[in-house]
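Below is one structure, written out as structure tokens; comments come after it.
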Amino acid sequence: MNNELLNNVLLTYVFYVLVATIGISLYGVIFKPHLTKKIISITIFSDSINLLAIFIGYKLYSIPPELKGISNINEVLNRTVDPLPQALVLTAIVIGLAITLFLIFISLQLFRLHGTLDLRKIKELRE
Amino acid sequence: MDITVLFLAIMGTIGLVFAYLAVTERALVKAIIYSAVQSMAFAVMLYLLRAPDIVLVYIPVSVGLYPAALFFLVGKTESEEGEP
Amino acid sequence: MNRDLNKKLIVITSIVVFSFILAVYTNLTESLGPLGLDTRFLGKLYVYFTNHEDPRVSTASLEPVTAIVWDFRGLDTLYETTVFAMAIIAIYSLFRIDRLEEKGSLNSSFTIIPRLVTKILLPINIAIASTIAFHGSVSPGGGFQAGSILAVVGVLFVVIFSYYALNAKSINPHRTLLFMSLGLIAIVVVSLIPLAFDVFFDNAYLIQNQPKLDSAFGYPKRVGGLVFGGSIGLFNIFEFIAVSFGFLTAFALLSIPEHVFKEKLRGEESLEQ
């Protein structure tokens with residue numbers, strides 16, 4: 001096996017592992033009836049989607065996008081990773097944190113009103 | 001074989017195992033800790049993918065603020081999941 | 001029971017099919033993904049124009065990611081700050097509490113080791129967060145990173161010493177919301193100063209950072225010999241203030257003990273009957 005084939009196989013493996021993590025967290029969001037477990041699964045879901053976005057912008061044998069102390073800009077241009085997904089993911093992480101904090105506060109209020117956080121029991125109580 | 005890609009594969013596997021353990025665990029405190037370990041594995045992966053700005057946001061948010069808020073929630077409400 | 005099983009089967013099948021299509025598409029095309037040949041052209045353009053020699057087409061920072069977030073795509077970041085502030089305001093209006101009357105015991109329930117370590121770590125953490133906010137244009141850093149680190153400071157303080165200690169230092173949720181609003185107002189003022197320049201003097205555009213081909217307005221590139229980044233440096237400082245005080249509001253509201261809210265709910269129920 002030469003070098004390039006092994007690199008390609010490992011990178012494809014990492015990609016499939018990320019997609020599998022997305023699948024597991026989606027299963028946790030949809031099929032688990034407890035609200036706290038749903039919130040944990042939502043955090044895992046948003047983390048793995050952000051990681052997938054940055055993984056698409058990576059290339060082998062590269063350097064991070066920094067211009068400090070560089071005299072010749074062509075060497076940075078040829079070997080850098082893509083800086084655009086990093087800027088978008090920065091925005092996405094902060095928005096996800098704010099929305100998840102709001103979800104936590106809403107579930108606290110739900111517990112005070114109904115006494116339980118199991119969605120099936122809340123459905124029975126409201127009928 | 002590039003050593004970056006080897007470490008990416010190892011950390012990815014660790015992240016997958018701990019994500020599965022976090023979703024299928026019934027005691028909620030253990031589930032939160034498993035999710036924090038999975039976030040650490042993802043933080044190492046983000047460093048290996050040459051994204052230093054993202055690592056500086058990801059580590060305090062995902063290993064500090066999410067488990068803290070979730071521990072507050074679990075302490076004030078139930079701490080065990082019900083029957084499946 | 002049959003409908004439940006059918007629904008589960010449909011969801012799992014659609015997840016598997018979607019992930020397979022995504023994997024095949026990303027791996028087969030030559031230009032997408034880490035198995036591709038070259039960096040994308042748009043990324044190269046952004047890196048090329050970050051620190052150009054011609055001052056009319058360059059931003060003033062040495063970091064492409066910070067320049068994209070605050071100069072090339074600055075409107076996205078302004079909208080994202082709006083969404084974040086609206087979430088904090090929704091949290092604040094959900095937990096209505098006027099004033100905490102009782103003064104709980106100010107003795108922390110931890111031994112001396114966590115208390116002393118926290119007292120050493122808090123000033124170090126504040127210094128590190130301020131450093132990361134100020135050098136956002138030179139090294140990886142910026143406003144969001146520093147705001148998250150300062151929020152961890154607030155969480156640590158609330159957990160080790162209780163909410164009553166935070167209240168005794170007169171840091172209640174109303175005051176932190178005021179400081180967050182001041183940070184947001186400062187961001188809006190920095191965006192609108194070019195508009196005032198446009199009304200009174202020469203031509204200028206909204207959220208303008210450096211002088212352009214037909215406009216002569218520009219924020220300072222260097223302050224006292226250090227690279228400052230024009231409006232990027234100012235945005236970083238004010239975003240640091242807004243994000244850190246926003247998170248401090250949320251965690252100060254989260255740590256109020258439960259019996260306060262139970263009495264409030266019981267009071268409201270007896271008022272309705």
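Each chain of the structure tokens is named A, B, ... in the order shown, its residues numbered from 1; ligands are numbered from 1 in display order.
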Within 9 Å of range 75-83 of chain B, counting only C-alpha atoms, which residues show up once you throw out same-chain ones fewer than 5 positions away? Write them as JSON, numbers by chain, please.
-> {"A": [33, 34, 36, 37, 108, 111, 112, 115, 116, 117, 118], "B": [25, 26, 27, 28, 29, 70], "C": [257, 258]}
Next, the residues of the selection above should be written as an mmCIF file, in the first residue's frame with N, CA, C and O atoms.
```cif
data_model
loop_
_atom_site.group_PDB
_atom_site.id
_atom_site.type_symbol
_atom_site.label_atom_id
_atom_site.label_comp_id
_atom_site.auth_asym_id
_atom_site.auth_seq_id
_atom_site.Cartn_x
_atom_site.Cartn_y
_atom_site.Cartn_z
ATOM 1 N N PRO A 33 -37.530 9.884 25.282
ATOM 2 C CA PRO A 33 -38.622 10.743 25.723
ATOM 3 C C PRO A 33 -38.242 11.751 26.806
ATOM 4 O O PRO A 33 -39.044 12.632 27.092
ATOM 5 N N HIS A 34 -37.062 11.683 27.391
ATOM 6 C CA HIS A 34 -36.739 12.604 28.480
ATOM 7 C C HIS A 34 -36.137 13.875 27.908
ATOM 8 O O HIS A 34 -35.299 13.810 27.015
ATOM 9 N N THR A 36 -34.057 16.185 29.118
ATOM 10 C CA THR A 36 -32.625 16.459 29.303
ATOM 11 C C THR A 36 -31.791 15.639 28.331
ATOM 12 O O THR A 36 -30.792 16.118 27.790
ATOM 13 N N LYS A 37 -32.234 14.376 28.085
ATOM 14 C CA LYS A 37 -31.505 13.571 27.108
ATOM 15 C C LYS A 37 -31.611 14.168 25.727
ATOM 16 O O LYS A 37 -30.651 14.155 24.934
ATOM 17 N N LEU A 108 -36.809 24.060 32.501
ATOM 18 C CA LEU A 108 -36.938 24.328 33.934
ATOM 19 C C LEU A 108 -38.346 24.809 34.265
ATOM 20 O O LEU A 108 -38.968 24.358 35.230
ATOM 21 N N PHE A 111 -40.772 21.983 34.184
ATOM 22 C CA PHE A 111 -40.731 21.130 35.361
ATOM 23 C C PHE A 111 -41.487 21.760 36.523
ATOM 24 O O PHE A 111 -42.161 21.063 37.287
ATOM 25 N N ARG A 112 -41.390 23.105 36.638
ATOM 26 C CA ARG A 112 -42.092 23.730 37.755
ATOM 27 C C ARG A 112 -43.588 23.618 37.603
ATOM 28 O O ARG A 112 -44.321 23.509 38.574
ATOM 29 N N GLY A 115 -44.177 19.103 37.194
ATOM 30 C CA GLY A 115 -43.613 18.184 38.169
ATOM 31 C C GLY A 115 -42.814 17.054 37.597
ATOM 32 O O GLY A 115 -42.236 16.276 38.333
ATOM 33 N N THR A 116 -42.734 16.931 36.271
ATOM 34 C CA THR A 116 -41.946 15.853 35.681
ATOM 35 C C THR A 116 -41.392 16.349 34.353
ATOM 36 O O THR A 116 -41.855 17.335 33.791
ATOM 37 N N LEU A 117 -40.347 15.653 33.862
ATOM 38 C CA LEU A 117 -39.768 16.067 32.577
ATOM 39 C C LEU A 117 -39.899 14.981 31.530
ATOM 40 O O LEU A 117 -39.287 15.050 30.501
ATOM 41 N N ASP A 118 -40.673 13.935 31.798
ATOM 42 C CA ASP A 118 -40.847 12.857 30.843
ATOM 43 C C ASP A 118 -41.994 13.246 29.929
ATOM 44 O O ASP A 118 -43.105 13.517 30.385
ATOM 45 N N GLU B 25 -27.237 6.160 27.918
ATOM 46 C CA GLU B 25 -27.004 6.012 29.353
ATOM 47 C C GLU B 25 -28.226 6.515 30.105
ATOM 48 O O GLU B 25 -28.804 7.544 29.758
ATOM 49 N N ARG B 26 -28.637 5.762 31.159
ATOM 50 C CA ARG B 26 -29.874 6.116 31.846
ATOM 51 C C ARG B 26 -29.632 7.127 32.966
ATOM 52 O O ARG B 26 -30.480 7.964 33.237
ATOM 53 N N ALA B 27 -28.464 7.027 33.651
ATOM 54 C CA ALA B 27 -28.172 7.990 34.718
ATOM 55 C C ALA B 27 -27.660 9.271 34.080
ATOM 56 O O ALA B 27 -26.682 9.258 33.357
ATOM 57 N N LEU B 28 -28.310 10.409 34.347
ATOM 58 C CA LEU B 28 -28.053 11.597 33.539
ATOM 59 C C LEU B 28 -26.721 12.259 33.844
ATOM 60 O O LEU B 28 -26.132 12.884 32.976
ATOM 61 N N VAL B 29 -26.215 12.112 35.101
ATOM 62 C CA VAL B 29 -24.924 12.745 35.412
ATOM 63 C C VAL B 29 -23.820 12.091 34.607
ATOM 64 O O VAL B 29 -22.930 12.740 34.050
ATOM 65 N N LEU B 70 -26.115 22.169 32.144
ATOM 66 C CA LEU B 70 -26.859 20.919 32.246
ATOM 67 C C LEU B 70 -26.823 20.366 33.660
ATOM 68 O O LEU B 70 -27.801 19.758 34.116
ATOM 69 N N PRO C 257 -31.920 30.030 43.908
ATOM 70 C CA PRO C 257 -32.450 28.794 44.477
ATOM 71 C C PRO C 257 -33.926 28.604 44.164
ATOM 72 O O PRO C 257 -34.652 29.544 43.891
ATOM 73 N N GLU C 258 -34.362 27.328 44.215
ATOM 74 C CA GLU C 258 -35.668 26.981 43.706
ATOM 75 C C GLU C 258 -36.794 27.503 44.568
ATOM 76 O O GLU C 258 -37.881 27.786 44.076
#
```
With a cut-off of 9 Å and counting only C-alpha atoms, select all residues of chain C in contact with chain B and give the selection as a PyMOL selection string. chain C and resi 65-66+139-142+144-149+151-152+155+251+254-255+257-258
Convert the current residue selection to file output with N, CA, C and O atoms, as a CSV table (one decimal), in the first residue's frame.
```csv
chain,number,residue,atom,x,y,z
C,65,VAL,N,-9.3,35.0,9.1
C,65,VAL,CA,-10.6,34.6,9.7
C,65,VAL,C,-11.2,35.8,10.4
C,65,VAL,O,-12.5,36.0,10.2
C,66,THR,N,-10.5,36.6,11.2
C,66,THR,CA,-11.0,37.8,11.8
C,66,THR,C,-11.5,38.8,10.8
C,66,THR,O,-12.6,39.4,11.0
C,139,SER,N,-3.3,37.7,16.0
C,139,SER,CA,-3.2,36.3,16.3
C,139,SER,C,-4.6,35.7,16.3
C,139,SER,O,-5.5,36.5,16.4
C,140,PRO,N,-4.8,34.4,16.4
C,140,PRO,CA,-6.1,33.9,16.5
C,140,PRO,C,-6.7,34.3,17.8
C,140,PRO,O,-6.2,34.2,18.9
C,141,GLY,N,-7.9,35.0,17.7
C,141,GLY,CA,-8.5,35.5,18.9
C,141,GLY,C,-9.7,36.2,18.6
C,141,GLY,O,-10.3,36.0,17.5
C,142,GLY,N,-10.1,37.2,19.4
C,142,GLY,CA,-11.3,38.0,19.0
C,142,GLY,C,-12.3,38.1,20.1
C,142,GLY,O,-12.0,37.7,21.2
C,144,PHE,N,-15.6,36.8,20.4
C,144,PHE,CA,-16.4,35.7,20.9
C,144,PHE,C,-15.5,34.8,21.8
C,144,PHE,O,-16.0,34.3,22.8
C,145,GLN,N,-14.3,34.6,21.5
C,145,GLN,CA,-13.4,33.7,22.2
C,145,GLN,C,-13.3,34.2,23.6
C,145,GLN,O,-13.4,33.5,24.6
C,146,ALA,N,-13.0,35.5,23.7
C,146,ALA,CA,-12.7,36.1,25.0
C,146,ALA,C,-14.0,36.2,25.9
C,146,ALA,O,-14.0,36.0,27.1
C,147,GLY,N,-15.2,36.4,25.2
C,147,GLY,CA,-16.4,36.4,25.9
C,147,GLY,C,-16.8,35.1,26.6
C,147,GLY,O,-17.3,35.0,27.7
C,148,SER,N,-16.5,34.0,25.8
C,148,SER,CA,-16.8,32.7,26.4
C,148,SER,C,-15.9,32.4,27.6
C,148,SER,O,-16.3,31.8,28.6
C,149,ILE,N,-14.6,32.8,27.5
C,149,ILE,CA,-13.7,32.5,28.6
C,149,ILE,C,-14.1,33.3,29.8
C,149,ILE,O,-14.1,32.8,31.0
C,151,ALA,N,-17.1,34.1,30.6
C,151,ALA,CA,-18.3,33.5,31.1
C,151,ALA,C,-18.0,32.3,32.0
C,151,ALA,O,-18.7,32.1,33.0
C,152,VAL,N,-16.9,31.6,31.7
C,152,VAL,CA,-16.5,30.5,32.6
C,152,VAL,C,-16.1,31.0,33.9
C,152,VAL,O,-16.4,30.4,35.0
C,155,VAL,N,-19.3,31.5,35.9
C,155,VAL,CA,-19.9,30.2,36.3
C,155,VAL,C,-19.1,29.7,37.5
C,155,VAL,O,-19.7,29.2,38.5
C,251,PHE,N,-26.3,32.9,33.6
C,251,PHE,CA,-25.9,32.0,34.7
C,251,PHE,C,-26.3,32.5,36.0
C,251,PHE,O,-26.5,31.8,37.0
C,254,LEU,N,-29.7,31.4,36.4
C,254,LEU,CA,-29.9,30.0,36.6
C,254,LEU,C,-29.6,29.5,38.0
C,254,LEU,O,-30.0,28.4,38.4
C,255,SER,N,-28.8,30.3,38.8
C,255,SER,CA,-28.4,29.8,40.0
C,255,SER,C,-29.2,30.3,41.2
C,255,SER,O,-28.9,30.1,42.3
C,257,PRO,N,-31.9,30.0,43.9
C,257,PRO,CA,-32.5,28.8,44.5
C,257,PRO,C,-33.9,28.6,44.2
C,257,PRO,O,-34.7,29.5,43.9
C,258,GLU,N,-34.4,27.3,44.2
C,258,GLU,CA,-35.7,27.0,43.7
C,258,GLU,C,-36.8,27.5,44.6
C,258,GLU,O,-37.9,27.8,44.1
```
**Q.** Spatial neighbours of Ala53 in chain A, max dist 10 Å, only C-alpha atoms, sep filter under 6 positions, as a ChimeraX atom specification
**A.** /A:85-86,88-89 /C:33
Write the residues of the selection above to a file with N, CA, C and O atoms, as a tab-separated table (two decimals), in the first residue's frame.
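Result went into again-v7.tsv, see below:
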```tsv
chain	number	residue	atom	x	y	z
A	85	PRO	N	-15.05	28.40	5.89
A	85	PRO	CA	-15.90	27.62	6.81
A	85	PRO	C	-15.61	27.94	8.27
A	85	PRO	O	-16.51	27.86	9.11
A	86	GLN	N	-14.36	28.33	8.61
A	86	GLN	CA	-14.06	28.64	10.00
A	86	GLN	C	-14.84	29.86	10.46
A	86	GLN	O	-15.34	29.90	11.59
A	88	LEU	N	-17.77	30.83	9.31
A	88	LEU	CA	-19.19	30.50	9.44
A	88	LEU	C	-19.45	29.66	10.67
A	88	LEU	O	-20.46	29.82	11.36
A	89	VAL	N	-18.51	28.76	11.00
A	89	VAL	CA	-18.71	27.90	12.16
A	89	VAL	C	-18.61	28.70	13.45
A	89	VAL	O	-19.30	28.44	14.43
C	33	GLY	N	-13.91	18.61	-0.54
C	33	GLY	CA	-13.42	17.65	0.42
C	33	GLY	C	-11.91	17.63	0.51
C	33	GLY	O	-11.21	18.22	-0.30
```
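Here is the contact set of chain A against chain C, at 7 Å and counting only C-alpha atoms: Asn8, Val19, Gly23, Ile56, Gly57, Tyr58, Lys59, Leu60, Pro65, Glu66, Leu67, Lys68, Leu77, Val81, Asp82, Pro83, Leu84, Gln86, Ala87, Thr91, Ile95, Ala98, Ile99, Phe102 and Phe105 of chain A.
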(Q) Can you work out which residues from chain B touch chain A at a cut-off of 7 Å (counting only C-alpha atoms) and hand them back as an MDAnalysis selection string? (A) chainID B and resid 1:2 5 8:9 12:13 16 19:20 23 49:51 54 73 77 81
Write a file of the selected residues as a PDB file, in the first residue's frame, keeping N, CA and C atoms.
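Produced file selection36.pdb, reproduced below:
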```pdb
ATOM      1  N   MET B   1       2.431   7.541   5.453  1.00  0.00           N
ATOM      2  CA  MET B   1       1.163   7.896   6.091  1.00  0.00           C
ATOM      3  C   MET B   1       1.386   9.118   6.964  1.00  0.00           C
ATOM      4  N   ASP B   2       0.541  10.069   6.798  1.00  0.00           N
ATOM      5  CA  ASP B   2       0.683  11.319   7.540  1.00  0.00           C
ATOM      6  C   ASP B   2       0.205  11.113   8.972  1.00  0.00           C
ATOM      7  N   VAL B   5      -3.360  12.503   9.915  1.00  0.00           N
ATOM      8  CA  VAL B   5      -4.537  11.716   9.526  1.00  0.00           C
ATOM      9  C   VAL B   5      -4.716  10.541  10.468  1.00  0.00           C
ATOM     10  N   LEU B   8      -6.297  11.903  13.555  1.00  0.00           N
ATOM     11  CA  LEU B   8      -7.695  12.235  13.263  1.00  0.00           C
ATOM     12  C   LEU B   8      -8.569  11.001  13.350  1.00  0.00           C
ATOM     13  N   ALA B   9      -8.076   9.868  12.799  1.00  0.00           N
ATOM     14  CA  ALA B   9      -8.881   8.650  12.815  1.00  0.00           C
ATOM     15  C   ALA B   9      -9.077   8.155  14.246  1.00  0.00           C
ATOM     16  N   GLY B  12     -11.468  10.420  16.126  1.00  0.00           N
ATOM     17  CA  GLY B  12     -12.822  10.250  15.625  1.00  0.00           C
ATOM     18  C   GLY B  12     -13.496   9.024  16.202  1.00  0.00           C
ATOM     19  N   THR B  13     -12.728   7.945  16.311  1.00  0.00           N
ATOM     20  CA  THR B  13     -13.296   6.723  16.887  1.00  0.00           C
ATOM     21  C   THR B  13     -13.661   6.928  18.350  1.00  0.00           C
ATOM     22  N   LEU B  16     -16.864   8.843  18.543  1.00  0.00           N
ATOM     23  CA  LEU B  16     -18.055   8.049  18.209  1.00  0.00           C
ATOM     24  C   LEU B  16     -18.457   7.163  19.377  1.00  0.00           C
ATOM     25  N   ALA B  19     -20.000   9.255  22.144  1.00  0.00           N
ATOM     26  CA  ALA B  19     -21.319   9.782  21.773  1.00  0.00           C
ATOM     27  C   ALA B  19     -22.372   8.699  21.928  1.00  0.00           C
ATOM     28  N   TYR B  20     -22.042   7.458  21.520  1.00  0.00           N
ATOM     29  CA  TYR B  20     -23.007   6.373  21.675  1.00  0.00           C
ATOM     30  C   TYR B  20     -23.302   6.124  23.153  1.00  0.00           C
ATOM     31  N   VAL B  23     -25.665   8.776  24.618  1.00  0.00           N
ATOM     32  CA  VAL B  23     -27.071   8.744  24.219  1.00  0.00           C
ATOM     33  C   VAL B  23     -27.805   7.609  24.896  1.00  0.00           C
ATOM     34  N   LEU B  49      -7.182  19.891  12.477  1.00  0.00           N
ATOM     35  CA  LEU B  49      -7.685  20.380  11.198  1.00  0.00           C
ATOM     36  C   LEU B  49      -7.283  21.823  10.949  1.00  0.00           C
ATOM     37  N   ARG B  50      -6.278  22.334  11.684  1.00  0.00           N
ATOM     38  CA  ARG B  50      -5.685  23.656  11.461  1.00  0.00           C
ATOM     39  C   ARG B  50      -6.721  24.766  11.586  1.00  0.00           C
ATOM     40  N   ALA B  51      -7.491  24.780  12.706  1.00  0.00           N
ATOM     41  CA  ALA B  51      -8.483  25.837  12.912  1.00  0.00           C
ATOM     42  C   ALA B  51      -8.316  26.416  14.306  1.00  0.00           C
ATOM     43  N   ILE B  54     -11.366  28.435  16.057  1.00  0.00           N
ATOM     44  CA  ILE B  54     -12.504  27.630  16.490  1.00  0.00           C
ATOM     45  C   ILE B  54     -12.201  26.918  17.797  1.00  0.00           C
ATOM     46  N   LEU B  73     -29.456  22.096  35.538  1.00  0.00           N
ATOM     47  CA  LEU B  73     -30.775  21.575  35.185  1.00  0.00           C
ATOM     48  C   LEU B  73     -31.035  20.248  35.871  1.00  0.00           C
ATOM     49  N   THR B  77     -34.057  19.375  38.619  1.00  0.00           N
ATOM     50  CA  THR B  77     -35.153  18.521  38.169  1.00  0.00           C
ATOM     51  C   THR B  77     -34.727  17.071  38.396  1.00  0.00           C
ATOM     52  N   GLU B  81     -33.387   8.777  34.230  1.00  0.00           N
ATOM     53  CA  GLU B  81     -34.377   8.663  33.188  1.00  0.00           C
ATOM     54  C   GLU B  81     -35.350   7.537  33.514  1.00  0.00           C
TER      55      GLU B  81
END
```
Skipping near chain neighbours, those fewer than 3 positions away, what residues fall within 12 Å of Leu206 in chain C using only C-alpha atoms, listed as an MDAnalysis selection string? chainID C and resid 71 74:75 188:199 203 209:210 215 217:218 231
Residue subset to file, keeping C-alpha atoms, as an mmCIF file, in the first residue's frame:
```cif
data_model
loop_
_atom_site.group_PDB
_atom_site.id
_atom_site.type_symbol
_atom_site.label_atom_id
_atom_site.label_comp_id
_atom_site.auth_asym_id
_atom_site.auth_seq_id
_atom_site.Cartn_x
_atom_site.Cartn_y
_atom_site.Cartn_z
ATOM 1 C CA ASP C 71 -15.004 43.114 7.578
ATOM 2 C CA GLY C 74 -19.613 41.957 8.769
ATOM 3 C CA LEU C 75 -23.397 42.005 8.271
ATOM 4 C CA VAL C 188 -24.156 50.095 16.595
ATOM 5 C CA VAL C 189 -22.417 53.463 17.050
ATOM 6 C CA VAL C 190 -19.186 52.146 15.476
ATOM 7 C CA SER C 191 -21.231 50.953 12.487
ATOM 8 C CA LEU C 192 -23.084 54.251 12.076
ATOM 9 C CA ILE C 193 -20.162 56.710 12.340
ATOM 10 C CA PRO C 194 -19.379 56.407 8.572
ATOM 11 C CA LEU C 195 -22.988 57.401 7.905
ATOM 12 C CA ALA C 196 -22.503 60.638 9.860
ATOM 13 C CA PHE C 197 -19.311 61.222 7.868
ATOM 14 C CA ASP C 198 -21.302 60.705 4.681
ATOM 15 C CA VAL C 199 -23.931 63.270 5.680
ATOM 16 C CA ASN C 203 -18.766 59.987 0.466
ATOM 17 C CA ASN C 209 -13.412 49.941 7.779
ATOM 18 C CA GLN C 210 -10.648 51.309 5.539
ATOM 19 C CA SER C 215 -14.224 57.351 -0.211
ATOM 20 C CA PHE C 217 -12.943 57.680 5.575
ATOM 21 C CA GLY C 218 -10.985 55.125 7.552
ATOM 22 C CA SER C 231 -12.917 49.045 13.123
#
```
task = Any chance you could list, as a ChimeraX atom specification, the residues in chain A that come up strand (DSSP E or B) when DSSP is run on the backbone?
result = /A:34,63,80,118
Go ahead and write the selection's residues with N, CA, C and O atoms as a PDB file, in the first residue's frame.
```pdb
ATOM      1  N   HIS A  34     -37.062  11.683  27.391  1.00  0.00           N
ATOM      2  CA  HIS A  34     -36.739  12.604  28.480  1.00  0.00           C
ATOM      3  C   HIS A  34     -36.137  13.875  27.908  1.00  0.00           C
ATOM      4  O   HIS A  34     -35.299  13.810  27.015  1.00  0.00           O
ATOM      5  N   ILE A  63      -1.106  24.411   6.205  1.00  0.00           N
ATOM      6  CA  ILE A  63      -0.777  25.271   7.339  1.00  0.00           C
ATOM      7  C   ILE A  63      -2.012  26.106   7.681  1.00  0.00           C
ATOM      8  O   ILE A  63      -2.862  26.305   6.823  1.00  0.00           O
ATOM      9  N   THR A  80      -2.563  26.872   2.328  1.00  0.00           N
ATOM     10  CA  THR A  80      -3.425  27.145   3.467  1.00  0.00           C
ATOM     11  C   THR A  80      -4.705  26.327   3.395  1.00  0.00           C
ATOM     12  O   THR A  80      -5.074  25.818   2.346  1.00  0.00           O
ATOM     13  N   ASP A 118     -40.673  13.935  31.798  1.00  0.00           N
ATOM     14  CA  ASP A 118     -40.847  12.857  30.843  1.00  0.00           C
ATOM     15  C   ASP A 118     -41.994  13.246  29.929  1.00  0.00           C
ATOM     16  O   ASP A 118     -43.105  13.517  30.385  1.00  0.00           O
TER      17      ASP A 118
END
```
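Proximity to Ser35 in chain B was assessed for B:Phe71, B:Leu48, B:Ile10, B:Leu21 counting only C-alpha atoms; the smallest distance is recorded for B:Leu21.
Between CA of Leu110 in chain A and CA of Ile122 in chain A the separation is 9.3 Å.
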Residues near Pro67 in chain B, cut-off 8 Å, only C-alpha atoms, skip fewer than 5 positions along chain, as a PDB file with all heavy atoms, in the first residue's frame:
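Contents of the output file result10.pdb:
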```pdb
ATOM      1  N   ILE B  32     -23.846  13.291  30.984  1.00  0.00           N
ATOM      2  CA  ILE B  32     -23.251  14.610  30.768  1.00  0.00           C
ATOM      3  C   ILE B  32     -21.729  14.491  30.729  1.00  0.00           C
ATOM      4  O   ILE B  32     -21.053  15.125  29.911  1.00  0.00           O
ATOM      5  CB  ILE B  32     -23.699  15.583  31.874  1.00  0.00           C
ATOM      6  CG1 ILE B  32     -25.198  15.825  31.772  1.00  0.00           C
ATOM      7  CG2 ILE B  32     -22.978  16.892  31.760  1.00  0.00           C
ATOM      8  CD1 ILE B  32     -25.716  16.681  32.873  1.00  0.00           C
ATOM      9  N   ILE B  33     -21.148  13.638  31.590  1.00  0.00           N
ATOM     10  CA  ILE B  33     -19.685  13.516  31.605  1.00  0.00           C
ATOM     11  C   ILE B  33     -19.201  12.835  30.339  1.00  0.00           C
ATOM     12  O   ILE B  33     -18.167  13.198  29.776  1.00  0.00           O
ATOM     13  CB  ILE B  33     -19.245  12.780  32.879  1.00  0.00           C
ATOM     14  CG1 ILE B  33     -19.572  13.639  34.072  1.00  0.00           C
ATOM     15  CG2 ILE B  33     -17.784  12.473  32.846  1.00  0.00           C
ATOM     16  CD1 ILE B  33     -19.083  13.109  35.357  1.00  0.00           C
ATOM     17  N   ALA B  36     -19.031  15.389  27.705  1.00  0.00           N
ATOM     18  CA  ALA B  36     -17.880  16.293  27.843  1.00  0.00           C
ATOM     19  C   ALA B  36     -16.613  15.632  27.304  1.00  0.00           C
ATOM     20  O   ALA B  36     -15.774  16.300  26.673  1.00  0.00           O
ATOM     21  CB  ALA B  36     -17.697  16.695  29.297  1.00  0.00           C
ATOM     22  N   SER B  62     -17.950  24.131  25.054  1.00  0.00           N
ATOM     23  CA  SER B  62     -18.436  22.766  25.048  1.00  0.00           C
ATOM     24  C   SER B  62     -17.946  21.948  26.227  1.00  0.00           C
ATOM     25  O   SER B  62     -18.546  20.933  26.544  1.00  0.00           O
ATOM     26  CB  SER B  62     -18.014  22.104  23.747  1.00  0.00           C
ATOM     27  OG  SER B  62     -18.707  20.929  23.577  1.00  0.00           O
TER      28      SER B  62
END
```
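By only C-alpha atoms, and with residues fewer than 4 positions from Ile160 in chain C along its chain excluded, the set lying at most 12 Å from it is Leu106, Asn107, Ser108, Ser109, Phe110, Thr111, Ile112, Ile113, Pro114, Arg115, Leu116, Val117, Thr118, Lys119, Leu122, Val153, Gly154, Val155, Leu156, Tyr164, Ala165, Leu166 and Ser255 of chain C.
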| Using the chain letters and numbers from this document, which residues of range 4-124 of chain A does DSSP assign to helix (DSSP H, G or I), as a PyMOL selection string? | chain A and resi 4-31+35-56+73-79+84-114+119-124
